[in-house]
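Heads up, target.cif below (mmCIF, C-alpha atoms):
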data_input
#
loop_
_atom_site.label_atom_id
_atom_site.label_comp_id
_atom_site.auth_asym_id
_atom_site.auth_seq_id
_atom_site.Cartn_x
_atom_site.Cartn_y
_atom_site.Cartn_z
CA MET M 142 6.90 3.57 -11.46
CA ILE M 143 10.59 3.14 -12.21
CA ARG M 144 10.32 5.35 -15.31
CA ARG M 145 8.63 8.11 -13.34
CA LYS M 146 11.30 7.99 -10.64
CA SER M 147 14.00 8.00 -13.32
CA SER M 148 12.49 11.06 -14.98
CA GLN M 149 12.29 12.87 -11.63
CA PHE M 150 15.87 11.92 -10.91
CA GLN M 151 17.01 13.20 -14.32
CA GLY M 152 15.18 16.49 -13.81
CA LEU M 153 16.70 17.04 -10.37
CA LYS M 154 20.08 16.00 -11.72
CA ARG M 155 19.93 18.58 -14.54
CA GLN M 156 18.87 21.27 -12.07
CA ALA M 157 21.80 20.45 -9.78
CA GLU M 158 24.20 20.45 -12.74
CA LEU M 159 22.98 23.89 -13.86
CA GLU M 160 23.32 25.32 -10.35
CA GLN M 161 26.83 23.94 -9.94
CA HIS M 162 27.83 25.09 -13.43
CA TYR M 163 26.65 28.57 -12.52
CA ASP M 164 28.72 28.41 -9.32
CA LEU M 165 31.76 27.35 -11.34
CA ARG M 166 31.30 30.29 -13.70
CA ARG M 167 31.08 32.68 -10.79
CA GLU M 168 34.13 31.22 -9.05
CA PRO M 169 36.87 32.68 -11.32
CA LYS M 170 35.50 36.19 -10.79
CA LYS M 171 36.63 36.14 -7.19
CA ASP M 172 40.09 37.37 -6.40
CA LEU M 173 42.63 35.56 -4.29
CA ARG M 174 41.85 37.63 -1.24
CA SER M 175 38.16 36.70 -1.28
CA LEU M 176 39.10 33.05 -1.76
CA ASP M 177 41.44 33.18 1.21
CA GLU M 178 38.78 34.86 3.33
CA SER M 179 36.14 32.31 2.34
CA ALA M 180 38.53 29.46 3.04
CA THR M 181 39.32 30.96 6.42
CA ARG M 182 35.62 31.29 7.21
CA MET M 183 34.98 27.71 6.10
CA GLY M 184 37.81 26.38 8.21
CA THR M 185 36.78 28.39 11.21
CA GLY M 186 33.19 27.25 10.86
CA VAL M 187 34.16 23.60 10.71
CA HIS M 188 36.53 23.96 13.63
CA THR M 189 34.09 25.73 15.91
CA GLU M 190 30.96 23.82 14.97
CA SER M 191 30.99 21.58 18.03
CA GLY M 192 31.94 24.48 20.28
CA THR M 193 29.11 26.60 18.93
CA LEU M 194 26.61 23.82 19.47
CA ALA M 195 27.86 23.27 22.98
CA SER M 196 27.59 26.97 23.79
CA VAL M 197 24.06 27.12 22.40
CA ASN M 198 23.03 24.11 24.44
CA ALA M 199 24.63 25.48 27.58
CA ASP M 200 23.78 29.18 27.41
CA GLU M 201 20.63 29.40 25.30
CA ASP M 202 17.50 27.31 25.35
CA PRO M 203 16.70 26.20 21.77
CA ALA M 204 13.01 26.26 22.60
CA ALA M 205 13.22 30.03 23.19
CA ASN M 206 13.93 30.75 19.51
CA LEU M 207 10.86 31.64 17.49
CA PHE M 208 12.43 30.61 14.18
CA PRO M 209 14.31 27.40 13.35
CA PRO M 210 18.08 27.80 12.92
CA PRO M 211 19.51 27.79 9.38
CA LEU M 212 20.63 24.44 8.05
CA PRO M 213 24.29 23.91 7.08
CA GLN M 214 25.44 23.92 3.49
CA PRO M 215 25.31 20.50 1.79
CA ARG M 216 28.80 19.05 1.41
CA ILE M 217 30.51 15.74 0.74
CA CYS M 218 30.38 13.65 3.90
CA ILE M 219 32.29 10.47 3.06
CA TRP M 220 34.12 9.06 6.13
CA LYS M 221 32.61 11.88 8.20
CA TYR M 222 31.50 9.93 11.26
CA LEU M 223 32.57 6.35 10.51
CA ASP M 224 36.10 6.13 9.09
CA ILE M 225 37.65 3.18 7.28
CA HIS M 226 38.80 1.52 10.51
CA SER M 227 35.34 1.80 12.04
CA MET M 228 33.76 0.32 8.93
CA HIS M 229 36.19 -2.60 9.03
CA ARG M 230 35.23 -3.26 12.66
CA LEU M 231 31.54 -3.26 11.72
CA GLU M 232 32.26 -5.50 8.74
CA MET M 233 33.94 -8.09 10.97
CA THR M 234 30.92 -8.51 13.26
CA ALA M 235 29.24 -11.90 13.09
CA ASN M 236 25.67 -11.09 14.16
CA VAL M 237 23.34 -8.17 14.78
CA GLU M 238 23.94 -7.99 18.54
CA GLU M 239 27.68 -7.71 18.08
CA MET M 240 27.18 -5.10 15.39
CA ARG M 241 24.98 -3.04 17.73
CA GLU M 242 27.60 -3.19 20.48
CA VAL M 243 30.37 -1.99 18.16
CA LEU M 244 28.11 0.69 16.68
CA ALA M 245 27.18 2.01 20.13
CA GLU M 246 30.87 2.23 21.00
CA LEU M 247 31.74 4.05 17.78
CA LEU M 248 28.89 6.56 18.10
CA GLY M 249 29.51 7.16 21.80
CA LEU M 250 26.08 5.96 22.89
CA GLY M 251 25.27 4.79 26.38
CA SER M 252 23.31 1.78 27.52
CA PRO M 253 19.98 1.42 25.67
CA VAL M 254 18.35 0.31 28.93
CA GLN M 255 19.24 3.51 30.77
CA SER M 256 18.67 6.06 27.99
CA LEU M 257 15.67 5.97 25.68
CA ARG M 258 17.24 8.42 23.25
CA ASP M 259 20.38 6.32 22.89
CA ALA M 260 18.24 3.24 22.29
CA ILE M 261 16.31 4.99 19.49
CA THR M 262 19.51 6.31 17.91
CA LEU M 263 21.08 2.86 18.02
CA ASP M 264 18.02 1.31 16.37
CA LEU M 265 18.07 4.00 13.69
CA PHE M 266 21.67 3.39 12.63
CA SER M 267 21.65 -0.37 13.10
CA HIS M 268 18.71 -0.72 10.73
CA ALA M 269 20.46 1.63 8.31
CA LEU M 270 23.53 -0.64 8.35
CA ILE M 271 21.35 -3.68 7.73
CA PHE M 272 19.76 -1.88 4.75
CA CYS M 273 23.19 -1.02 3.32
CA ARG M 274 24.28 -4.64 3.60
CA GLN M 275 21.12 -5.81 1.86
CA GLN M 276 21.70 -3.34 -0.99
CA GLY M 277 25.34 -4.46 -1.34
CA PHE M 278 26.83 -1.03 -0.61
CA SER M 279 30.58 -0.68 -0.34
CA LEU M 280 32.31 0.60 2.79
CA GLU M 281 32.47 4.12 1.37
CA GLN M 282 28.80 4.07 0.44
CA THR M 283 27.76 2.67 3.82
CA SER M 284 29.74 5.31 5.71
CA THR M 285 28.25 8.04 3.54
CA ALA M 286 24.69 6.74 4.02
CA CYS M 287 25.15 6.77 7.80
CA ALA M 288 26.59 10.30 7.61
CA LEU M 289 23.59 11.46 5.55
CA LEU M 290 21.24 10.03 8.15
CA GLN M 291 23.25 11.56 11.00
CA ASP M 292 23.22 15.05 9.45
CA LEU M 293 19.50 14.74 8.74
CA HIS M 294 18.86 13.73 12.34
CA LYS M 295 20.88 16.70 13.62
CA ALA M 296 18.89 19.05 11.39
CA CYS M 297 15.65 17.57 12.71
CA ILE M 298 16.47 17.90 16.41
CA ALA M 299 18.10 21.33 16.08
CA THR M 300 14.74 22.97 16.85
CA PRO M 301 11.43 21.86 18.36
CA LEU M 302 9.61 23.77 15.62
CA GLY M 303 8.38 22.11 12.46
CA ASN M 304 11.00 22.05 9.68
CA VAL M 305 10.21 18.90 7.75
CA GLU M 306 10.24 20.64 4.35
CA GLU M 307 13.59 22.31 5.03
CA CYS M 308 15.07 19.01 6.22
CA TYR M 309 13.83 17.21 3.12
CA ARG M 310 15.36 19.82 0.81
CA TYR M 311 18.61 19.59 2.77
CA PHE M 312 18.60 15.79 2.52
CA THR M 313 18.05 15.80 -1.24
CA SER M 314 20.80 18.39 -1.69
CA VAL M 315 23.29 16.32 0.32
CA LEU M 316 22.16 13.20 -1.52
CA PHE M 317 22.93 14.76 -4.90
CA CYS M 318 26.35 15.79 -3.63
CA HIS M 319 27.17 12.08 -3.84
CA GLY M 320 25.47 11.26 -7.14
CA ILE M 321 26.87 13.80 -9.64
CA ARG M 322 30.52 14.17 -10.60
CA ARG M 323 31.26 17.87 -10.16
CA PRO M 324 34.38 18.14 -7.98
CA PRO M 325 34.97 19.70 -5.55
CA PHE M 326 31.26 20.19 -4.92
CA SER M 327 30.00 16.65 -5.55
CA ILE M 328 31.15 13.16 -6.48
CA ASN M 329 29.44 10.22 -8.18
CA LEU M 330 29.63 7.78 -5.29
CA PHE M 331 26.16 6.27 -5.78
CA LYS M 332 24.48 5.09 -8.93
CA GLU M 333 21.02 6.20 -9.93
CA GLU M 334 19.33 3.03 -8.63
CA GLN M 335 21.22 3.28 -5.36
CA LEU M 336 20.22 6.91 -4.88
CA LEU M 337 16.57 6.06 -5.46
CA ALA M 338 16.73 3.10 -3.06
CA LEU M 339 18.43 5.19 -0.36
CA ALA M 340 15.96 8.05 -0.80
CA ASP M 341 12.98 5.67 -0.56
CA TYR M 342 14.43 4.06 2.57
CA VAL M 343 14.96 7.40 4.35
CA VAL M 344 11.51 8.67 3.38
CA ASN M 345 9.75 5.49 4.50
CA THR M 346 11.66 5.18 7.77
CA TYR M 347 12.77 8.61 9.00
CA PHE M 348 10.44 11.14 7.40
CA ARG M 349 7.41 8.94 8.02
CA HIS M 350 8.18 9.17 11.77
CA PHE M 351 9.62 12.71 11.66
CA LYS M 352 7.35 14.10 14.38
CA LEU M 353 8.09 11.18 16.69
CA TYR M 354 11.85 11.81 16.46
CA LYS M 355 11.28 15.51 17.07
CA TYR M 356 9.04 14.76 20.06
CA VAL M 357 11.64 12.50 21.71
CA PHE M 358 14.81 14.51 21.00
CA THR M 359 13.61 18.12 21.40
CA PRO M 360 12.34 19.96 24.49
CA GLN M 361 8.66 20.69 24.90
CA VAL M 362 7.60 24.20 23.91
CA ARG M 363 5.24 26.11 26.19
CA LEU M 364 3.82 29.54 25.49
CA ASP M 365 3.73 32.08 28.33
CA LEU M 366 1.51 34.88 27.03
CA SER M 367 1.18 38.25 28.77
CA LEU M 368 -0.94 41.11 27.40
CA THR M 369 -0.36 44.80 28.12
CA TYR M 370 -3.01 47.31 27.07
CA MET M 371 -2.00 50.88 26.35
CA GLY M 372 -3.75 53.50 28.47
CA LEU M 373 -4.93 51.08 31.17
CA GLN M 374 -3.60 50.71 34.65
CA ALA M 375 -1.98 47.51 35.75
CA PRO M 376 -4.18 45.23 37.86
CA LYS M 377 -3.70 45.66 41.60
CA LEU M 378 -2.88 42.62 43.67
CA TRP M 379 -4.38 41.94 47.07
CA PRO M 380 -2.05 43.20 49.81
CA LYS M 381 -1.01 40.86 52.56
CA ASP M 382 -2.81 42.82 55.29
CA GLU M 383 -6.22 42.42 53.56
CA THR M 384 -6.46 38.65 53.87
CA GLY M 385 -9.28 39.09 56.43
CA GLN M 386 -11.43 40.96 53.89
CA VAL M 387 -10.76 38.23 51.36
CA SER M 388 -11.96 35.56 53.79
CA VAL M 389 -15.11 37.59 54.55
CA LEU M 390 -15.83 37.98 50.86
CA ARG M 391 -15.26 34.27 50.28
CA ALA M 392 -17.70 33.39 53.11
CA TYR M 393 -20.36 35.77 51.71
CA ILE M 394 -20.05 34.26 48.22
CA LYS M 395 -20.30 30.77 49.66
CA THR M 396 -23.48 31.70 51.62
CA GLN M 397 -25.16 33.17 48.55
CA MET M 398 -24.25 30.15 46.47
CA ASN M 399 -25.77 27.82 49.08
CA LYS M 400 -29.00 29.84 49.06
CA GLU M 401 -29.21 29.69 45.29
CA LEU M 402 -28.58 25.96 45.32
CA GLU M 403 -31.33 25.41 47.91
CA GLN M 404 -33.83 27.40 45.85
CA LEU M 405 -32.89 25.52 42.72
CA GLN M 406 -33.22 22.17 44.51
CA GLN M 407 -36.67 23.13 45.85
CA LEU M 408 -37.82 24.16 42.38
CA VAL M 409 -36.65 20.89 40.89
CA GLU M 410 -38.43 18.90 43.61
CA GLU M 411 -41.70 20.77 42.96
CA GLN M 412 -41.47 20.10 39.24
CA LEU M 413 -40.81 16.41 39.86
CA LYS M 414 -43.77 16.20 42.25
CA ALA M 415 -46.08 17.84 39.71
CA SER M 416 -44.97 15.51 36.97
CA GLU M 417 -45.53 12.49 39.24
CA GLU M 418 -49.09 13.67 40.04
CA ARG M 419 -49.90 14.05 36.33
CA LEU M 420 -48.51 10.63 35.59
CA SER M 421 -50.48 9.00 38.45
CA SER M 422 -53.71 10.64 37.29
CA LYS M 423 -53.19 9.30 33.78
CA LEU M 424 -52.50 5.80 35.10
CA THR M 425 -55.66 5.93 37.26
CA ALA M 426 -57.73 6.90 34.24
CA LEU M 427 -56.33 3.99 32.27
CA LYS M 428 -57.11 1.48 35.02
CA GLN M 429 -60.86 2.33 35.15
CA PRO M 430 -63.09 0.08 32.93
CA LEU M 431 -64.45 1.56 29.80
CA GLN M 432 -68.14 2.55 30.30
CA LEU M 433 -70.44 3.01 27.35
CA PRO M 434 -72.70 6.05 27.34
CA PRO M 435 -76.39 5.39 28.12
CA GLY M 436 -78.69 4.66 25.15
CA LYS M 437 -76.05 2.83 23.18
CA GLY M 438 -75.59 -0.89 22.93
CA LYS M 439 -79.29 -1.68 23.78
CA ASN M 440 -81.70 -3.30 21.32
CA LYS M 441 -84.44 -1.01 20.09
CA THR M 442 -87.98 -2.15 20.93
CA LYS M 443 -90.69 -1.81 18.38
#
As C-alpha coordinates, please, write out the structure in this file.
Amino acid sequence: MIRRKSSQFQGLKRQAELEQHYDLRREPKKDLRSLDESATRMGTGVHTESGTLASVNADEDPAANLFPPPLPQPRICIWKYLDIHSMHRLEMTANVEEMREVLAELLGLGSPVQSLRDAITLDLFSHALIFCRQQGFSLEQTSTACALLQDLHKACIATPLGNVEECYRYFTSVLFCHGIRRPPFSINLFKEEQLLALADYVVNTYFRHFKLYKYVFTPQVRLDLSLTYMGLQAPKLWPKDETGQVSVLRAYIKTQMNKELEQLQQLVEEQLKASEERLSSKLTALKQPLQLPPGKGKNKTK
(Lines of atoms letter the chains of each structure in order from A and count residues from 1; the text may use other names and numbers.)
(Lines give C-alpha, C1' and ligand atoms only; values in the text may rest on other atoms or scores of the structure.)
Protein backbone atom coordinates (compact mmCIF):
# COMPACT_ATOMS: atom_id res chain seq x y z
CA MET A 1 0.00 0.00 0.00
CA ILE A 2 2.85 2.35 0.86
CA ARG A 3 4.62 1.57 -2.43
CA ARG A 4 1.49 2.31 -4.42
CA LYS A 5 0.98 5.63 -2.64
CA SER A 6 4.65 6.47 -3.18
CA SER A 7 4.38 5.74 -6.89
CA GLN A 8 1.26 7.91 -7.16
CA PHE A 9 3.01 10.67 -5.27
CA GLN A 10 6.05 10.46 -7.55
CA GLY A 11 3.85 10.61 -10.65
CA LEU A 12 1.95 13.65 -9.41
CA LYS A 13 5.22 15.22 -8.32
CA ARG A 14 6.76 14.83 -11.80
CA GLN A 15 3.62 16.26 -13.39
CA ALA A 16 3.74 19.30 -11.10
CA GLU A 17 7.45 19.77 -11.81
CA LEU A 18 6.85 19.69 -15.57
CA GLU A 19 4.01 22.20 -15.33
CA GLN A 20 6.05 24.58 -13.19
CA HIS A 21 9.10 24.17 -15.44
CA TYR A 22 6.93 25.10 -18.40
CA ASP A 23 5.69 28.16 -16.50
CA LEU A 24 9.28 29.15 -15.74
CA ARG A 25 10.21 28.87 -19.41
CA ARG A 26 7.29 31.05 -20.39
CA GLU A 27 8.05 33.66 -17.73
CA PRO A 28 11.10 35.32 -19.37
CA LYS A 29 9.12 35.93 -22.55
CA LYS A 30 6.98 38.49 -20.79
CA ASP A 31 8.12 42.07 -20.83
CA LEU A 32 8.38 44.32 -17.81
CA ARG A 33 5.08 46.00 -18.56
CA SER A 34 3.16 42.72 -18.54
CA LEU A 35 4.88 41.74 -15.30
CA ASP A 36 3.92 45.03 -13.69
CA GLU A 37 0.33 44.64 -14.88
CA SER A 38 0.11 41.07 -13.59
CA ALA A 39 1.59 42.11 -10.26
CA THR A 40 -0.90 44.94 -10.04
CA ARG A 41 -3.76 42.56 -10.79
CA MET A 42 -2.49 40.08 -8.21
CA GLY A 43 -2.18 42.75 -5.56
CA THR A 44 -5.56 44.18 -6.33
CA GLY A 45 -7.15 40.75 -6.23
CA VAL A 46 -5.66 39.95 -2.85
CA HIS A 47 -6.62 43.33 -1.46
CA THR A 48 -10.22 43.22 -2.62
CA GLU A 49 -10.90 39.55 -1.97
CA SER A 50 -12.78 40.12 1.28
CA GLY A 51 -14.61 43.11 -0.17
CA THR A 52 -15.69 41.12 -3.21
CA LEU A 53 -16.96 38.29 -1.05
CA ALA A 54 -18.84 40.71 1.14
CA SER A 55 -20.44 42.39 -1.86
CA VAL A 56 -21.47 39.04 -3.31
CA ASN A 57 -23.00 37.97 -0.03
CA ALA A 58 -24.80 41.27 0.38
CA ASP A 59 -25.99 42.03 -3.15
CA GLU A 60 -26.24 38.66 -4.88
CA ASP A 61 -27.66 35.38 -3.67
CA PRO A 62 -25.10 32.62 -4.32
CA ALA A 63 -27.92 30.15 -4.83
CA ALA A 64 -29.09 32.13 -7.88
CA ASN A 65 -25.96 31.23 -9.88
CA LEU A 66 -26.39 28.24 -12.15
CA PHE A 67 -22.67 27.47 -12.26
CA PRO A 68 -20.20 27.24 -9.36
CA PRO A 69 -17.75 30.15 -9.08
CA PRO A 70 -14.15 29.58 -10.23
CA LEU A 71 -11.71 28.46 -7.57
CA PRO A 72 -8.69 30.64 -6.71
CA GLN A 73 -5.23 29.85 -7.96
CA PRO A 74 -3.22 27.55 -5.65
CA ARG A 75 -0.56 29.50 -3.77
CA ILE A 76 1.69 29.17 -0.76
CA CYS A 77 -0.39 29.72 2.37
CA ILE A 78 2.08 29.52 5.25
CA TRP A 79 1.08 31.83 8.15
CA LYS A 80 -2.04 32.78 6.18
CA TYR A 81 -4.64 32.57 8.93
CA LEU A 82 -2.64 31.59 12.03
CA ASP A 83 0.58 33.58 12.39
CA ILE A 84 3.56 32.74 14.59
CA HIS A 85 2.08 34.48 17.63
CA SER A 86 -1.21 32.62 17.27
CA MET A 87 0.61 29.31 16.97
CA HIS A 88 2.60 30.07 20.12
CA ARG A 89 -0.64 30.77 21.99
CA LEU A 90 -2.08 27.45 20.82
CA GLU A 91 1.16 25.69 21.73
CA MET A 92 0.98 27.00 25.31
CA THR A 93 -2.49 25.56 25.97
CA ALA A 94 -2.60 22.78 28.55
CA ASN A 95 -5.71 20.83 27.51
CA VAL A 96 -8.20 20.49 24.69
CA GLU A 97 -10.81 22.82 26.20
CA GLU A 98 -8.32 25.64 26.56
CA MET A 99 -7.09 25.04 23.03
CA ARG A 100 -10.66 25.26 21.70
CA GLU A 101 -11.23 28.55 23.52
CA VAL A 102 -8.06 30.10 22.09
CA LEU A 103 -8.83 28.73 18.63
CA ALA A 104 -12.35 30.17 18.68
CA GLU A 105 -10.91 33.55 19.63
CA LEU A 106 -8.29 33.45 16.87
CA LEU A 107 -10.76 32.40 14.17
CA GLY A 108 -13.41 34.88 15.29
CA LEU A 109 -16.01 32.23 16.07
CA GLY A 110 -18.95 32.77 18.37
CA SER A 111 -20.32 30.56 21.09
CA PRO A 112 -20.77 26.94 19.94
CA VAL A 113 -24.02 26.75 21.91
CA GLN A 114 -25.63 29.63 20.02
CA SER A 115 -24.36 28.90 16.50
CA LEU A 116 -24.30 25.43 14.99
CA ARG A 117 -22.02 26.50 12.16
CA ASP A 118 -19.44 27.93 14.54
CA ALA A 119 -19.55 24.71 16.57
CA ILE A 120 -18.89 22.60 13.45
CA THR A 121 -16.07 24.88 12.32
CA LEU A 122 -14.47 24.76 15.76
CA ASP A 123 -14.65 20.95 15.80
CA LEU A 124 -13.12 20.81 12.33
CA PHE A 125 -10.05 22.88 13.20
CA SER A 126 -9.59 21.56 16.72
CA HIS A 127 -9.40 17.99 15.43
CA ALA A 128 -7.01 19.17 12.73
CA LEU A 129 -4.73 20.67 15.41
CA ILE A 130 -4.86 17.43 17.39
CA PHE A 131 -3.87 15.51 14.23
CA CYS A 132 -0.93 17.86 13.60
CA ARG A 133 0.28 17.36 17.16
CA GLN A 134 0.04 13.60 16.82
CA GLN A 135 2.06 13.71 13.58
CA GLY A 136 4.71 15.93 15.20
CA PHE A 137 4.27 18.83 12.78
CA SER A 138 6.19 22.03 13.38
CA LEU A 139 4.48 25.39 13.90
CA GLU A 140 4.90 26.28 10.23
CA GLN A 141 3.48 22.94 9.10
CA THR A 142 0.55 23.16 11.51
CA SER A 143 -0.34 26.68 10.37
CA THR A 144 -0.12 25.60 6.74
CA ALA A 145 -2.30 22.52 7.33
CA CYS A 146 -4.99 24.68 8.96
CA ALA A 147 -4.76 27.15 6.05
CA LEU A 148 -5.18 24.30 3.55
CA LEU A 149 -8.27 23.12 5.38
CA GLN A 150 -9.64 26.66 5.63
CA ASP A 151 -9.22 27.32 1.89
CA LEU A 152 -10.78 23.96 1.08
CA HIS A 153 -13.75 24.76 3.32
CA LYS A 154 -14.21 28.15 1.64
CA ALA A 155 -14.16 26.49 -1.79
CA CYS A 156 -16.76 23.99 -0.62
CA ILE A 157 -19.23 26.51 0.77
CA ALA A 158 -18.77 29.02 -2.05
CA THR A 159 -21.71 27.44 -3.90
CA PRO A 160 -24.59 25.12 -3.00
CA LEU A 161 -23.94 23.17 -6.21
CA GLY A 162 -21.83 20.04 -6.30
CA ASN A 163 -18.12 20.74 -6.83
CA VAL A 164 -16.38 17.93 -5.00
CA GLU A 165 -14.10 17.05 -7.93
CA GLU A 166 -13.03 20.67 -8.42
CA CYS A 167 -12.36 21.04 -4.69
CA TYR A 168 -10.28 17.87 -4.63
CA ARG A 169 -8.16 19.04 -7.56
CA TYR A 170 -7.72 22.41 -5.87
CA PHE A 171 -6.70 20.73 -2.60
CA THR A 172 -4.09 18.53 -4.27
CA SER A 173 -2.70 21.52 -6.17
CA VAL A 174 -2.35 23.57 -2.98
CA LEU A 175 -0.89 20.54 -1.21
CA PHE A 176 1.85 20.18 -3.82
CA CYS A 177 2.64 23.87 -3.47
CA HIS A 178 4.11 22.91 -0.10
CA GLY A 179 5.86 19.68 -1.09
CA ILE A 180 8.07 20.62 -4.07
CA ARG A 181 10.87 23.16 -4.02
CA ARG A 182 10.16 25.46 -6.96
CA PRO A 183 10.23 29.04 -5.64
CA PRO A 184 8.34 31.29 -5.90
CA PHE A 185 5.56 28.89 -6.86
CA SER A 186 6.09 26.16 -4.25
CA ILE A 187 8.26 25.20 -1.29
CA ASN A 188 9.23 21.86 0.25
CA LEU A 189 7.62 22.39 3.64
CA PHE A 190 6.29 18.83 4.04
CA LYS A 191 8.03 15.55 3.44
CA GLU A 192 6.52 12.82 1.30
CA GLU A 193 5.22 10.83 4.28
CA GLN A 194 3.73 13.95 5.81
CA LEU A 195 1.97 14.88 2.58
CA LEU A 196 0.47 11.41 2.31
CA ALA A 197 -0.66 11.47 5.96
CA LEU A 198 -2.22 14.93 5.58
CA ALA A 199 -3.96 13.95 2.33
CA ASP A 200 -5.38 10.78 3.91
CA TYR A 201 -6.61 12.73 6.93
CA VAL A 202 -8.42 15.35 4.81
CA VAL A 203 -9.97 12.71 2.56
CA ASN A 204 -11.17 10.57 5.46
CA THR A 205 -12.53 13.49 7.48
CA TYR A 206 -13.59 16.33 5.19
CA PHE A 207 -14.27 14.79 1.79
CA ARG A 208 -16.05 11.82 3.35
CA HIS A 209 -18.57 14.29 4.85
CA PHE A 210 -18.42 16.80 1.98
CA LYS A 211 -22.17 16.88 1.37
CA LEU A 212 -22.90 17.37 5.07
CA TYR A 213 -20.65 20.45 5.22
CA LYS A 214 -22.27 21.80 2.07
CA TYR A 215 -25.75 21.17 3.48
CA VAL A 216 -25.01 23.06 6.71
CA PHE A 217 -23.04 26.01 5.32
CA THR A 218 -24.85 26.74 2.02
CA PRO A 219 -28.41 27.96 1.39
CA GLN A 220 -31.05 25.58 0.13
CA VAL A 221 -31.67 25.70 -3.62
CA ARG A 222 -35.25 25.73 -4.87
CA LEU A 223 -36.30 25.68 -8.50
CA ASP A 224 -39.11 27.99 -9.60
CA LEU A 225 -40.03 26.78 -13.09
CA SER A 226 -42.31 28.71 -15.44
CA LEU A 227 -43.12 27.58 -18.99
CA THR A 228 -44.15 29.87 -21.84
CA TYR A 229 -45.44 28.32 -25.07
CA MET A 230 -45.07 30.23 -28.31
CA GLY A 231 -48.33 30.93 -30.13
CA LEU A 232 -50.60 30.30 -27.13
CA GLN A 233 -52.44 32.84 -25.09
CA ALA A 234 -51.64 33.33 -21.45
CA PRO A 235 -54.08 31.68 -19.03
CA LYS A 236 -56.80 34.00 -17.78
CA LEU A 237 -57.26 34.39 -14.06
CA TRP A 238 -60.65 34.55 -12.38
CA PRO A 239 -61.69 38.18 -11.88
CA LYS A 240 -62.70 39.35 -8.45
CA ASP A 241 -66.32 40.03 -9.45
CA GLU A 242 -66.89 36.39 -10.53
CA THR A 243 -66.44 34.81 -7.11
CA GLY A 244 -70.19 34.00 -7.05
CA GLN A 245 -69.88 31.88 -10.21
CA VAL A 246 -66.92 30.09 -8.68
CA SER A 247 -68.93 29.22 -5.57
CA VAL A 248 -71.82 27.95 -7.73
CA LEU A 249 -69.45 25.80 -9.75
CA ARG A 250 -67.85 24.46 -6.57
CA ALA A 251 -71.29 23.53 -5.16
CA TYR A 252 -72.29 21.76 -8.41
CA ILE A 253 -69.06 19.74 -8.43
CA LYS A 254 -69.56 18.80 -4.80
CA THR A 255 -73.15 17.62 -5.49
CA GLN A 256 -72.08 15.46 -8.41
CA MET A 257 -69.26 13.96 -6.40
CA ASN A 258 -71.67 13.06 -3.59
CA LYS A 259 -74.00 11.34 -6.07
CA GLU A 260 -71.15 9.33 -7.54
CA LEU A 261 -69.99 8.32 -4.08
CA GLU A 262 -73.49 7.18 -3.11
CA GLN A 263 -73.80 5.06 -6.26
CA LEU A 264 -70.39 3.54 -5.68
CA GLN A 265 -71.24 2.77 -2.04
CA GLN A 266 -74.52 1.10 -3.07
CA LEU A 267 -72.73 -1.02 -5.66
CA VAL A 268 -70.16 -2.15 -3.13
CA GLU A 269 -72.88 -3.06 -0.62
CA GLU A 270 -74.71 -5.15 -3.24
CA GLN A 271 -71.53 -7.01 -4.12
CA LEU A 272 -70.82 -7.70 -0.46
CA LYS A 273 -74.37 -8.97 0.07
CA ALA A 274 -74.11 -11.31 -2.91
CA SER A 275 -70.80 -12.69 -1.73
CA GLU A 276 -72.24 -13.28 1.76
CA GLU A 277 -75.21 -15.20 0.28
CA ARG A 278 -72.88 -17.43 -1.76
CA LEU A 279 -70.74 -18.10 1.27
CA SER A 280 -73.77 -18.94 3.48
CA SER A 281 -75.12 -21.35 0.86
CA LYS A 282 -71.78 -23.15 0.71
CA LEU A 283 -71.64 -23.41 4.50
CA THR A 284 -75.21 -24.80 4.61
CA ALA A 285 -74.28 -27.45 2.06
CA LEU A 286 -71.29 -28.48 4.12
CA LYS A 287 -73.34 -28.81 7.32
CA GLN A 288 -75.83 -31.32 5.82
CA PRO A 289 -74.91 -35.03 6.43
CA LEU A 290 -73.60 -36.98 3.54
CA GLN A 291 -76.37 -39.22 2.08
CA LEU A 292 -75.52 -42.22 -0.02
CA PRO A 293 -77.51 -42.75 -3.20
CA PRO A 294 -80.15 -45.53 -3.09
CA GLY A 295 -79.02 -49.03 -4.15
CA LYS A 296 -75.54 -48.66 -2.78
CA GLY A 297 -74.25 -49.93 0.52
CA LYS A 298 -76.91 -52.74 0.78
CA ASN A 299 -76.06 -56.44 0.70
CA LYS A 300 -77.21 -58.24 -2.42
CA THR A 301 -79.69 -61.06 -1.82
CA LYS A 302 -79.38 -64.25 -3.75
inquiry  = So the first atom is atom CA of His319 of chain M and the second is atom CA of Leu280 of chain M; what is the distance between them in Å, to one decimal place?
reply    = 14.2 Å
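Nearest residue to Leu316 of chain M, choosing from M:Leu420, M:Ala288, M:Val254, M:Val409 and counting only C-alpha atoms: M:Ala288.
Residue membership of the PyMOL selection byres ((chain M and resi 336-340) around 9) in the shown file amounts to Lys146, Ser147, Phe150, Phe272, Cys273, Gln276, Ala286, Phe312, Thr313, Leu316, Phe317, His319, Gly320, Phe331, Lys332, Glu333, Glu334, Gln335, Asp341, Tyr342, Val343, Val344 and Asn345 of chain M.
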Answer key for the PyMOL selection byres ((chain M and resi 222) around 10), residues as number ranges by chain = M: 218-221, 223-225, 227, 247-248, 284-285, 287-289, 291-292
message = What's the separation between atom CA of Thr262 of chain M and atom CA of Gln275 of chain M, in Å to one decimal place?
response = 20.2 Å
